[in-house]
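Asks: Take a look at run.cif, mmCIF, C-alpha atoms:
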```cif
data_coords
#
loop_
_atom_site.label_atom_id
_atom_site.label_comp_id
_atom_site.auth_asym_id
_atom_site.auth_seq_id
_atom_site.Cartn_x
_atom_site.Cartn_y
_atom_site.Cartn_z
CA MET A 1 101.48 139.88 77.97
CA GLY A 2 104.29 141.22 75.83
CA ASN A 3 107.33 139.75 74.18
CA ILE A 4 110.52 141.67 74.82
CA GLU A 5 113.03 140.89 72.08
CA VAL A 6 116.57 140.96 73.42
CA THR A 7 118.74 141.78 70.42
CA MET A 8 122.46 141.14 70.04
CA GLY A 9 124.36 143.24 72.56
CA ALA A 10 121.33 143.93 74.76
CA VAL A 11 120.18 143.11 78.31
CA ALA A 12 116.62 143.25 79.63
CA ALA A 13 114.74 142.37 82.82
CA ALA A 14 111.03 141.55 83.02
CA ARG A 15 108.18 140.55 85.31
CA PRO A 16 105.09 138.44 84.58
CA PRO A 17 103.23 138.35 82.26
CA ASP A 18 106.04 139.31 79.86
CA ASN A 19 108.22 136.92 77.89
CA LEU A 20 111.86 137.54 77.05
CA THR A 21 112.91 136.33 73.60
CA ALA A 22 116.03 136.16 71.45
CA SER A 23 116.06 134.95 67.88
CA ALA A 24 118.62 133.46 65.50
CA ILE A 25 121.33 132.84 68.08
CA GLY A 26 124.49 131.47 66.50
CA SER A 27 127.81 131.75 68.30
CA CYS A 28 126.36 134.34 70.69
CA VAL A 29 125.42 133.17 74.15
CA VAL A 30 122.12 134.05 75.76
CA THR A 31 122.18 134.00 79.55
CA ILE A 32 118.89 133.85 81.42
CA LEU A 33 118.62 134.66 85.11
CA TYR A 34 115.52 133.89 87.15
CA ASP A 35 114.42 134.40 90.72
CA PRO A 36 111.59 131.84 91.14
CA ALA A 37 110.48 133.39 94.44
CA SER A 38 109.82 136.88 93.13
CA ARG A 39 109.26 135.67 89.55
CA ILE A 40 111.56 138.26 88.06
CA GLY A 41 113.73 137.31 85.09
CA ALA A 42 116.45 138.78 82.92
CA MET A 43 118.12 137.93 79.64
CA ALA A 44 121.42 138.97 78.04
CA HIS A 45 122.39 138.34 74.41
CA ALA A 46 126.17 138.64 74.30
CA MET A 47 128.40 138.35 71.28
CA LEU A 48 131.96 138.10 72.59
CA SER A 49 133.54 136.33 75.51
CA ASP A 50 135.30 139.14 77.36
CA ARG A 51 136.56 142.70 77.32
CA ARG A 52 140.10 142.01 76.11
CA LEU A 53 139.85 144.23 73.08
CA PRO A 54 140.98 147.68 74.20
CA HIS A 55 141.90 148.66 70.65
CA LEU A 56 138.36 148.16 69.44
CA LYS A 57 137.24 151.36 67.79
CA ARG A 58 134.52 153.34 69.50
CA ASP A 59 132.59 153.81 66.26
CA ALA A 60 132.50 150.11 65.61
CA LEU A 61 131.17 149.45 69.08
CA ASP A 62 128.53 152.12 68.76
CA ALA A 63 127.48 150.88 65.36
CA THR A 64 127.04 147.29 66.44
CA SER A 65 125.00 148.16 69.49
CA SER A 66 122.73 150.87 68.14
CA SER A 67 119.63 148.69 68.14
CA ALA A 68 120.18 147.84 71.76
CA ARG A 69 120.71 151.48 72.54
CA THR A 70 117.50 152.51 70.84
CA ARG A 71 115.52 149.88 72.65
CA GLU A 72 116.90 151.01 75.96
CA GLY A 73 116.37 154.64 75.03
CA GLY A 74 118.48 157.55 76.16
CA ASN A 75 122.07 158.46 75.50
CA GLU A 76 123.19 158.00 79.07
CA ARG A 77 122.91 154.21 78.62
CA ARG A 78 125.43 154.14 75.79
CA HIS A 79 128.47 153.02 77.72
CA GLU A 80 126.75 150.16 79.51
CA ILE A 81 124.93 148.98 76.43
CA ARG A 82 128.14 149.00 74.46
CA ASP A 83 129.92 146.88 77.04
CA VAL A 84 127.20 144.26 77.29
CA LYS A 85 128.26 142.84 73.95
CA TYR A 86 130.72 140.99 76.20
CA VAL A 87 129.53 138.07 78.30
CA ASP A 88 131.10 139.15 81.60
CA ALA A 89 129.84 142.72 81.33
CA ALA A 90 126.40 141.50 80.25
CA ILE A 91 126.09 139.27 83.32
CA ASP A 92 127.19 142.13 85.60
CA GLU A 93 124.53 144.32 84.03
CA MET A 94 121.85 141.62 84.30
CA ILE A 95 122.51 141.09 87.99
CA LYS A 96 122.30 144.83 88.56
CA LYS A 97 119.02 145.09 86.64
CA ILE A 98 117.34 142.07 88.18
CA VAL A 99 118.30 143.01 91.74
CA THR A 100 117.13 146.60 91.16
CA SER A 101 113.83 145.12 89.96
CA GLY A 102 113.36 143.33 93.27
CA ALA A 103 114.97 139.90 92.85
CA LYS A 104 117.33 138.47 95.49
CA LYS A 105 120.78 137.60 94.18
CA GLY A 106 120.89 134.52 96.41
CA ASN A 107 117.75 133.13 94.72
CA LEU A 108 119.04 133.45 91.19
CA GLU A 109 119.38 130.48 88.88
CA ALA A 110 120.82 130.58 85.37
CA ARG A 111 120.25 128.96 82.01
CA LEU A 112 122.47 129.21 78.95
CA VAL A 113 121.54 128.98 75.27
CA GLY A 114 123.68 129.32 72.13
CA GLY A 115 127.42 129.17 71.67
CA ALA A 116 127.25 127.24 68.40
CA ASN A 117 129.77 127.14 65.59
CA MET A 118 127.68 127.86 62.50
CA PHE A 119 130.48 126.77 60.17
CA PRO A 120 131.46 123.33 61.47
CA LYS A 121 134.54 123.11 59.27
CA LEU A 122 135.79 126.55 60.24
CA LYS A 123 138.17 126.53 63.17
CA SER A 124 136.22 128.97 65.31
CA TYR A 125 136.11 129.05 69.08
CA ILE A 126 133.85 132.08 69.44
CA GLY A 127 130.81 130.08 70.56
CA ARG A 128 132.77 127.80 72.86
CA ASP A 129 134.58 130.74 74.45
CA ASN A 130 131.31 132.59 74.97
CA VAL A 131 129.86 129.64 76.87
CA LEU A 132 133.01 129.11 78.95
CA SER A 133 133.10 132.80 79.79
CA ALA A 134 129.45 132.73 80.92
CA LYS A 135 130.05 129.64 83.08
CA LYS A 136 133.13 131.17 84.68
CA LYS A 137 131.38 134.45 85.42
CA LEU A 138 128.30 132.72 86.86
CA GLU A 139 130.51 130.57 89.07
CA GLU A 140 132.31 133.67 90.33
CA GLU A 141 128.94 135.21 91.15
CA GLY A 142 127.78 132.03 92.90
CA ILE A 143 124.83 131.52 90.55
CA GLU A 144 123.93 127.92 89.75
CA ILE A 145 123.35 126.88 86.15
CA VAL A 146 120.18 124.77 86.14
CA GLY A 147 119.89 124.22 82.41
CA GLU A 148 121.75 124.67 79.18
CA CYS A 149 121.32 124.12 75.47
CA VAL A 150 124.70 125.07 74.04
CA GLY A 151 127.31 124.15 71.44
CA GLY A 152 126.89 122.15 68.27
CA SER A 153 126.44 123.81 64.93
CA VAL A 154 122.80 124.81 64.94
CA GLY A 155 121.15 128.21 65.23
CA ARG A 156 118.61 128.60 68.03
CA SER A 157 115.81 130.90 69.10
CA VAL A 158 114.67 131.10 72.71
CA GLU A 159 111.58 132.20 74.58
CA PHE A 160 111.60 132.60 78.34
CA SER A 161 108.25 132.82 80.12
CA VAL A 162 108.84 134.93 83.20
CA THR A 163 105.48 133.76 84.57
CA SER A 164 106.32 130.05 84.56
CA GLY A 165 110.11 130.13 84.43
CA ILE A 166 109.97 127.82 81.42
CA VAL A 167 112.59 128.28 78.71
CA THR A 168 111.70 127.07 75.22
CA VAL A 169 114.48 126.62 72.68
CA THR A 170 113.63 126.10 69.01
CA THR A 171 115.68 125.37 65.93
CA LYS A 172 114.68 125.34 62.28
CA PHE A 173 115.23 121.59 62.01
CA MET B 1 129.86 154.62 45.17
CA HIS B 2 131.08 154.75 41.58
CA LYS B 3 134.17 152.60 42.18
CA ILE B 4 132.34 149.90 44.08
CA GLN B 5 129.53 149.83 41.49
CA GLU B 6 132.09 149.29 38.76
CA ILE B 7 133.81 146.53 40.72
CA THR B 8 130.47 144.86 41.46
CA ARG B 9 129.39 144.98 37.82
CA GLU B 10 132.69 143.54 36.67
CA ALA B 11 132.58 140.83 39.32
CA ALA B 12 129.03 139.93 38.31
CA MET B 13 130.12 139.54 34.69
CA SER B 14 133.07 137.34 35.63
CA ALA B 15 130.84 135.26 37.91
CA SER B 16 128.30 134.82 35.08
CA LYS B 17 130.96 133.35 32.82
CA ALA B 18 132.35 131.04 35.48
CA LEU B 19 128.89 129.84 36.54
CA ALA B 20 127.92 129.19 32.92
CA LYS B 21 130.97 126.94 32.58
CA LEU B 22 130.03 125.11 35.79
CA THR B 23 126.38 124.56 34.89
CA ASP B 24 126.57 124.38 31.12
CA VAL B 25 123.62 126.75 30.76
CA PRO B 26 123.64 130.49 29.98
CA VAL B 27 123.93 132.43 33.21
CA ALA B 28 123.38 136.12 33.84
CA VAL B 29 124.21 137.75 37.16
CA GLY B 30 122.61 141.12 37.74
CA VAL B 31 123.02 143.59 40.58
CA HIS B 32 119.62 144.45 41.95
CA GLN B 33 120.59 146.51 45.00
CA LEU B 34 123.88 147.77 46.35
CA LYS B 35 124.41 149.65 49.58
CA VAL B 36 126.90 150.07 52.39
CA LEU B 37 125.42 149.30 55.79
CA SER B 38 126.70 149.53 59.32
CA VAL B 39 126.72 146.11 60.95
CA ALA B 40 123.68 147.11 63.03
CA GLU B 41 121.69 147.71 59.86
CA LEU B 42 122.32 144.23 58.52
CA GLU B 43 119.69 142.50 60.60
CA PRO B 44 116.69 143.87 58.72
CA VAL B 45 118.19 142.92 55.34
CA LEU B 46 116.69 139.48 55.71
CA ALA B 47 114.51 138.24 58.54
CA PRO B 48 116.96 136.91 61.17
CA GLU B 49 115.14 133.58 61.32
CA GLU B 50 114.97 133.05 57.54
CA LEU B 51 116.59 129.78 56.52
CA VAL B 52 119.44 130.32 54.10
CA VAL B 53 122.36 128.45 52.64
CA GLY B 54 125.38 130.56 53.56
CA ILE B 55 128.74 130.18 51.87
CA TYR B 56 131.38 132.24 53.59
CA LEU B 57 134.77 132.94 52.11
CA PRO B 58 137.18 134.53 54.60
CA VAL B 59 140.20 136.43 53.30
CA ALA B 60 143.54 137.49 54.69
CA GLY B 61 146.45 139.52 53.37
CA GLU B 62 146.02 143.25 52.89
CA LEU B 63 142.29 142.99 53.52
CA ALA B 64 140.65 141.78 56.70
CA GLY B 65 137.23 140.34 56.27
CA GLY B 66 135.30 137.97 54.11
CA ALA B 67 132.29 137.56 51.86
CA LEU B 68 129.05 135.70 52.41
CA LEU B 69 126.69 134.51 49.73
CA ALA B 70 123.34 133.88 51.41
CA ILE B 71 120.80 132.00 49.29
CA PRO B 72 117.28 131.68 50.70
CA LYS B 73 116.24 128.03 51.18
CA LYS B 74 113.74 127.91 48.31
CA ASN B 75 116.27 129.35 45.87
CA ALA B 76 119.07 127.11 47.10
CA PHE B 77 116.89 124.05 46.54
CA ALA B 78 115.97 125.26 43.04
CA LEU B 79 119.63 125.84 42.25
CA SER B 80 120.51 122.38 43.54
CA ASP B 81 117.93 120.83 41.22
CA LEU B 82 119.51 122.65 38.33
CA LEU B 83 123.09 121.81 39.29
CA ALA B 84 122.29 118.13 39.81
CA GLY B 85 120.14 117.90 36.67
CA ARG B 86 117.00 117.02 38.62
CA ASP B 87 113.45 118.14 37.80
CA SER B 88 112.55 121.46 39.33
CA GLY B 89 110.98 121.08 42.79
CA THR B 90 112.62 117.71 43.51
CA THR B 91 115.01 118.76 46.29
CA ARG B 92 113.64 118.28 49.80
CA LYS B 93 116.95 117.93 51.57
CA LEU B 94 120.47 118.85 50.49
CA ASN B 95 122.86 115.92 50.11
CA GLU B 96 126.67 116.03 50.18
CA LEU B 97 126.86 116.53 46.42
CA ASP B 98 124.37 119.41 46.56
CA ILE B 99 126.35 121.03 49.37
CA SER B 100 129.58 120.66 47.43
CA ALA B 101 128.00 122.22 44.33
CA LEU B 102 126.51 125.12 46.30
CA LYS B 103 129.89 125.71 47.93
CA GLU B 104 131.41 125.93 44.48
CA VAL B 105 128.80 128.51 43.43
CA GLY B 106 129.58 130.52 46.55
CA ASN B 107 133.28 130.17 45.95
CA ILE B 108 132.89 131.43 42.38
CA VAL B 109 130.71 134.42 43.30
CA CYS B 110 132.81 135.46 46.31
CA GLY B 111 136.14 134.56 44.68
CA THR B 112 135.54 136.50 41.47
CA TYR B 113 134.57 139.52 43.53
CA PHE B 114 137.84 139.36 45.45
CA SER B 115 139.82 138.90 42.24
CA VAL B 116 138.32 142.03 40.72
CA LEU B 117 138.79 143.89 44.01
CA ALA B 118 142.45 142.86 44.22
CA ASN B 119 143.10 143.96 40.63
CA LYS B 120 141.38 147.32 41.02
CA MET B 121 142.95 148.12 44.36
CA LYS B 122 146.31 146.62 43.41
CA ILE B 123 146.50 144.65 46.60
CA ARG B 124 147.14 141.03 47.54
CA ILE B 125 144.15 139.14 48.89
CA ILE B 126 144.58 135.61 50.20
CA GLU B 127 141.41 133.59 49.93
CA GLN B 128 140.81 130.86 52.46
CA LEU B 129 138.55 127.83 52.05
CA PRO B 130 134.83 128.41 51.60
CA ASN B 131 132.67 127.48 54.58
CA TYR B 132 129.12 126.21 54.39
CA SER B 133 126.19 126.62 56.72
CA TYR B 134 122.47 125.97 56.31
CA ASP B 135 120.61 127.74 59.06
CA MET B 136 119.04 131.04 60.14
CA PHE B 137 120.46 134.14 58.43
CA GLY B 138 120.89 135.97 61.73
CA ALA B 139 122.73 133.07 63.36
CA ILE B 140 125.18 132.83 60.46
CA THR B 141 125.90 136.56 60.14
CA SER B 142 126.27 137.06 63.90
CA GLN B 143 129.13 134.57 64.01
CA ILE B 144 130.87 136.27 61.09
CA LEU B 145 130.44 139.64 62.77
CA ALA B 146 131.72 138.32 66.08
CA GLY B 147 134.86 137.07 64.35
CA LEU B 148 135.45 140.37 62.61
CA THR B 149 134.40 142.89 65.25
CA GLN B 150 137.95 144.05 65.77
CA SER B 151 138.29 145.37 62.27
CA VAL B 152 134.95 145.58 60.54
CA GLU B 153 132.46 148.38 61.02
CA LYS B 154 130.49 148.33 57.81
CA ALA B 155 129.50 145.85 55.18
CA LEU B 156 128.70 146.13 51.54
CA PHE B 157 125.33 144.55 50.83
CA VAL B 158 124.53 143.46 47.29
CA GLU B 159 121.33 141.82 46.23
CA MET B 160 122.16 139.76 43.19
CA GLU B 161 119.84 138.33 40.63
CA PHE B 162 120.92 135.08 39.04
CA ILE B 163 119.35 133.88 35.83
CA PHE B 164 120.26 130.30 35.12
CA SER B 165 118.24 130.25 31.95
CA PRO B 166 115.26 129.95 32.37
CA ILE B 167 115.32 129.97 36.20
CA LEU B 168 115.58 133.31 37.98
CA PHE B 169 116.29 133.79 41.65
CA ARG B 170 117.84 136.25 44.03
CA ALA B 171 120.63 135.80 46.53
CA HIS B 172 122.38 138.16 48.89
CA TYR B 173 126.06 138.94 48.77
CA LEU B 174 127.63 140.52 51.81
CA LEU B 175 131.17 141.83 51.77
CA PHE B 176 132.79 142.52 55.12
CA LEU B 177 135.92 144.65 54.92
CA ASN B 178 138.03 146.67 57.30
CA SER B 179 136.66 150.18 57.19
CA SER B 180 139.65 152.00 55.71
CA LYS B 181 139.57 149.72 52.65
CA LEU B 182 135.81 150.02 52.30
CA GLU B 183 136.03 153.80 52.51
CA GLU B 184 138.49 153.80 49.62
CA LEU B 185 135.85 152.11 47.52
CA VAL B 186 132.79 154.23 48.23
#
```
Could you show the structure in this file as structure tokens?

Replies:
Amino acid sequence: MGNIEVTMGAVAAARPPDNLTASAIGSCVVTILYDPASRIGAMAHAMLSDRRLPHLKRDALDATSSSARTREGGNERRHEIRDVKYVDAAIDEMIKKIVTSGAKKGNLEARLVGGANMFPKLKSYIGRDNVLSAKKKLEEEGIEIVGECVGGSVGRSVEFSVTSGIVTVTTKF
Amino acid sequence: MHKIQEITREAAMSASKALAKLTDVPVAVGVHQLKVLSVAELEPVLAPEELVVGIYLPVAGELAGGALLAIPKKNAFALSDLLAGRDSGTTRKLNELDISALKEVGNIVCGTYFSVLANKMKIRIIEQLPNYSYDMFGAITSQILAGLTQSVEKALFVEMEFIFSPILFRAHYLLFLNSSKLEELV
């Protein structure tokens, strides 16, 4: 059994006995997809709500997603990896990956973790917008959300057992 | 790096004086490490799940960005004992007064840095209110990065050593600036 760490701006799919994990989630939203019939799962760790930032510099995007790129390996993945910093693109990519791995889209169920505001007195809607964006995208795709641990002002880490389908969320408090 | 080293040294000296006034003990602020990192390289600076007190001071004006003073839990508790005049090792949980005092420390360290930066670069920097968080380092920095992604590509990382005589501890200062301004400095 291995733990696959899904870093910020990355997407991964896995089969039993692997676990998918993401640590220190703040305003980011982690979306977990699972097909209980085939026991195939996927996780996306997205940072921003959508792709409305056409002026974003290429270098900045590359720099922020280099760890994801390395983990995925290969230059040809660059464009996709860069886009999956955004919730909608990340969910598109997850669906593609999980279906390619053998899951049926109609069986998929989703769970959401994260979307906090780490500075409660700072007027920031990043976390809230990330969660809303994930919910909207999942609704468009017809995927039911069966569980969520979102919002508030607490950082979270998550472990998803692909074998059991159990999602464990931990905080430092 | 010469310019930024000079600014950092000057800011550390100014912060020492201001912190000494606040605490009424001699304070020395030293620069232990200074480097410019891409945002992707920030994660390994501290373990993402390490508990820290983070004081974040966003700025506007001619600079886009902000500064974060991240103090590891153990050091933040030690500093709180000192600031509140308690025996060392007393703090188990931060109360409102502790939080307020730590915010002031963060405000001083980040604010003096921006003052020196503004003087050296001859620009206007508008400081906003300091924001406090006590949580995992990765969770705090990821939100700052998400808010600044449109303009920030690199960050200046400074490991600072604070000596509140006789207590010594380290904290991490992160300066997030729009890249053209940061390039002028390094």

Asks: For the structure shown, which residues end up in the PyMOL selection byres ((chain A and resi 99) around 12)? Put them as number ranges by chain, please?

Replies: A: 13-14, 33-35, 38-42, 92-98, 100-108

Asks: Every residue with an atom at most 9 Å from (148.0, 132.8, 57.1) (file coordinates; all atoms listed in the file) is what I'm after, so could you write them as a ChimeraX atom specification?

Replies: /B:60-61,126,128

Asks: Using the chain letters and numbers from this file, what does the PyMOL selection byres ((chain B) within 8 of (chain A)) select? Give the answer as a list in words.

Replies: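 That expression, the PyMOL selection byres ((chain B) within 8 of (chain A)), corresponds here to Ser38, Val39, Ala40, Pro48, Glu49, Leu51, Asn131, Tyr132, Ser133, Asp135, Met136, Phe137, Gly138, Ala139, Ile140, Ser142, Gln143, Ala146, Gly147, Thr149, Gln150, Ser151, Val152 and Glu153 of chain B.
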
Asks: I'd like the residues picked by the PyMOL selection byres ((chain A and resi 160) around 10) written out as a list in words, using the chain letters and numbers from the file.

Replies: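 Applying the PyMOL selection byres ((chain A and resi 160) around 10) to the structure shown produces Asn3, Ile4, Asp18, Asn19, Leu20, Thr21, Ala22, Ile32, Leu33, Tyr34, Gly41, Ala42, Met43, Val158, Glu159, Ser161, Val162, Thr163, Ser164, Gly165, Ile166, Val167, Thr168 and Val169 of chain A.
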
Asks: Write out as a count of residues only the residues lying within 12 Å of B:Ala20, counting all atoms listed in the file and excluding same-chain residues fewer than 4 positions away.

Replies: 19

Asks: Could you check how far atom CA of B:Val59 sits from atom CA of B:Leu129, in Å to one decimal?

Replies: 8.8 Å

Asks: Compile the contact shell of A:Ala44 as a list of chain:residue names: residues with an atom at most 8 Å away, counting only C-alpha atoms, same-chain residues fewer than 6 positions apart removed.

Replies: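 Non-adjacent residues within range: A:Val6, A:Gly9, A:Ala10, A:Val11, A:Ala12, A:Val30, A:Thr31, A:Ile32, A:Val84, A:Ala90, A:Ile91, A:Met94.
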
Asks: Reconstruct N, CA and C atoms of stretch 49-80 of chain B; output as a PDB file, in the frame of the given file.

Replies:
```
ATOM      1  N   GLU B  49     115.430 135.018  61.226  1.00  0.00           N
ATOM      2  CA  GLU B  49     115.140 133.580  61.320  1.00  0.00           C
ATOM      3  C   GLU B  49     114.947 132.918  59.952  1.00  0.00           C
ATOM      4  N   GLU B  50     115.145 133.660  58.868  1.00  0.00           N
ATOM      5  CA  GLU B  50     114.970 133.050  57.540  1.00  0.00           C
ATOM      6  C   GLU B  50     116.062 132.012  57.286  1.00  0.00           C
ATOM      7  N   LEU B  51     115.632 130.855  56.822  1.00  0.00           N
ATOM      8  CA  LEU B  51     116.590 129.780  56.520  1.00  0.00           C
ATOM      9  C   LEU B  51     117.326 130.082  55.228  1.00  0.00           C
ATOM     10  N   VAL B  52     118.634 130.068  55.298  1.00  0.00           N
ATOM     11  CA  VAL B  52     119.440 130.320  54.100  1.00  0.00           C
ATOM     12  C   VAL B  52     120.592 129.303  54.027  1.00  0.00           C
ATOM     13  N   VAL B  53     121.067 129.109  52.805  1.00  0.00           N
ATOM     14  CA  VAL B  53     122.360 128.450  52.640  1.00  0.00           C
ATOM     15  C   VAL B  53     123.380 129.593  52.628  1.00  0.00           C
ATOM     16  N   GLY B  54     124.362 129.518  53.501  1.00  0.00           N
ATOM     17  CA  GLY B  54     125.380 130.560  53.560  1.00  0.00           C
ATOM     18  C   GLY B  54     126.735 129.991  53.198  1.00  0.00           C
ATOM     19  N   ILE B  55     127.360 130.594  52.208  1.00  0.00           N
ATOM     20  CA  ILE B  55     128.740 130.180  51.870  1.00  0.00           C
ATOM     21  C   ILE B  55     129.626 131.381  52.187  1.00  0.00           C
ATOM     22  N   TYR B  56     130.535 131.147  53.086  1.00  0.00           N
ATOM     23  CA  TYR B  56     131.380 132.240  53.590  1.00  0.00           C
ATOM     24  C   TYR B  56     132.828 132.014  53.182  1.00  0.00           C
ATOM     25  N   LEU B  57     133.375 133.027  52.547  1.00  0.00           N
ATOM     26  CA  LEU B  57     134.770 132.940  52.110  1.00  0.00           C
ATOM     27  C   LEU B  57     135.593 133.991  52.869  1.00  0.00           C
ATOM     28  N   PRO B  58     136.337 133.558  53.883  1.00  0.00           N
ATOM     29  CA  PRO B  58     137.180 134.530  54.600  1.00  0.00           C
ATOM     30  C   PRO B  58     138.430 134.852  53.792  1.00  0.00           C
ATOM     31  N   VAL B  59     138.957 136.052  53.989  1.00  0.00           N
ATOM     32  CA  VAL B  59     140.200 136.430  53.300  1.00  0.00           C
ATOM     33  C   VAL B  59     141.210 137.009  54.283  1.00  0.00           C
ATOM     34  N   ALA B  60     142.455 136.904  53.888  1.00  0.00           N
ATOM     35  CA  ALA B  60     143.540 137.490  54.690  1.00  0.00           C
ATOM     36  C   ALA B  60     144.412 138.301  53.736  1.00  0.00           C
ATOM     37  N   GLY B  61     145.572 138.700  54.196  1.00  0.00           N
ATOM     38  CA  GLY B  61     146.450 139.520  53.370  1.00  0.00           C
ATOM     39  C   GLY B  61     146.242 140.987  53.698  1.00  0.00           C
ATOM     40  N   GLU B  62     146.162 141.808  52.647  1.00  0.00           N
ATOM     41  CA  GLU B  62     146.020 143.250  52.890  1.00  0.00           C
ATOM     42  C   GLU B  62     144.596 143.662  53.226  1.00  0.00           C
ATOM     43  N   LEU B  63     143.684 142.720  53.153  1.00  0.00           N
ATOM     44  CA  LEU B  63     142.290 142.990  53.520  1.00  0.00           C
ATOM     45  C   LEU B  63     141.897 142.084  54.672  1.00  0.00           C
ATOM     46  N   ALA B  64     141.208 142.646  55.653  1.00  0.00           N
ATOM     47  CA  ALA B  64     140.650 141.780  56.700  1.00  0.00           C
ATOM     48  C   ALA B  64     139.170 141.671  56.432  1.00  0.00           C
ATOM     49  N   GLY B  65     138.664 140.480  56.473  1.00  0.00           N
ATOM     50  CA  GLY B  65     137.230 140.340  56.270  1.00  0.00           C
ATOM     51  C   GLY B  65     136.857 139.068  55.547  1.00  0.00           C
ATOM     52  N   GLY B  66     135.769 139.133  54.824  1.00  0.00           N
ATOM     53  CA  GLY B  66     135.300 137.970  54.110  1.00  0.00           C
ATOM     54  C   GLY B  66     134.032 138.314  53.349  1.00  0.00           C
ATOM     55  N   ALA B  67     133.526 137.339  52.613  1.00  0.00           N
ATOM     56  CA  ALA B  67     132.290 137.560  51.860  1.00  0.00           C
ATOM     57  C   ALA B  67     131.352 136.402  52.102  1.00  0.00           C
ATOM     58  N   LEU B  68     130.082 136.717  52.186  1.00  0.00           N
ATOM     59  CA  LEU B  68     129.050 135.700  52.410  1.00  0.00           C
ATOM     60  C   LEU B  68     128.049 135.753  51.271  1.00  0.00           C
ATOM     61  N   LEU B  69     127.794 134.612  50.679  1.00  0.00           N
ATOM     62  CA  LEU B  69     126.690 134.510  49.730  1.00  0.00           C
ATOM     63  C   LEU B  69     125.574 133.773  50.477  1.00  0.00           C
ATOM     64  N   ALA B  70     124.471 134.479  50.690  1.00  0.00           N
ATOM     65  CA  ALA B  70     123.340 133.880  51.410  1.00  0.00           C
ATOM     66  C   ALA B  70     122.212 133.635  50.421  1.00  0.00           C
ATOM     67  N   ILE B  71     121.848 132.362  50.262  1.00  0.00           N
ATOM     68  CA  ILE B  71     120.800 132.000  49.290  1.00  0.00           C
ATOM     69  C   ILE B  71     119.595 131.482  50.077  1.00  0.00           C
ATOM     70  N   PRO B  72     118.471 132.171  49.996  1.00  0.00           N
ATOM     71  CA  PRO B  72     117.280 131.680  50.700  1.00  0.00           C
ATOM     72  C   PRO B  72     116.964 130.222  50.334  1.00  0.00           C
ATOM     73  N   LYS B  73     116.458 129.477  51.311  1.00  0.00           N
ATOM     74  CA  LYS B  73     116.240 128.030  51.180  1.00  0.00           C
ATOM     75  C   LYS B  73     115.592 127.631  49.845  1.00  0.00           C
ATOM     76  N   LYS B  74     114.483 128.289  49.508  1.00  0.00           N
ATOM     77  CA  LYS B  74     113.740 127.910  48.310  1.00  0.00           C
ATOM     78  C   LYS B  74     114.630 128.038  47.065  1.00  0.00           C
ATOM     79  N   ASN B  75     115.390 129.125  47.019  1.00  0.00           N
ATOM     80  CA  ASN B  75     116.270 129.350  45.870  1.00  0.00           C
ATOM     81  C   ASN B  75     117.448 128.384  45.845  1.00  0.00           C
ATOM     82  N   ALA B  76     117.958 128.067  47.027  1.00  0.00           N
ATOM     83  CA  ALA B  76     119.070 127.110  47.100  1.00  0.00           C
ATOM     84  C   ALA B  76     118.629 125.731  46.623  1.00  0.00           C
ATOM     85  N   PHE B  77     117.409 125.350  46.983  1.00  0.00           N
ATOM     86  CA  PHE B  77     116.890 124.050  46.540  1.00  0.00           C
ATOM     87  C   PHE B  77     116.692 124.053  45.022  1.00  0.00           C
ATOM     88  N   ALA B  78     116.181 125.168  44.487  1.00  0.00           N
ATOM     89  CA  ALA B  78     115.970 125.260  43.040  1.00  0.00           C
ATOM     90  C   ALA B  78     117.311 125.187  42.304  1.00  0.00           C
ATOM     91  N   LEU B  79     118.299 125.862  42.860  1.00  0.00           N
ATOM     92  CA  LEU B  79     119.630 125.840  42.250  1.00  0.00           C
ATOM     93  C   LEU B  79     120.237 124.439  42.311  1.00  0.00           C
ATOM     94  N   SER B  80     120.007 123.749  43.411  1.00  0.00           N
ATOM     95  CA  SER B  80     120.510 122.380  43.540  1.00  0.00           C
ATOM     96  C   SER B  80     119.897 121.458  42.504  1.00  0.00           C
TER      97      SER B  80
END
```
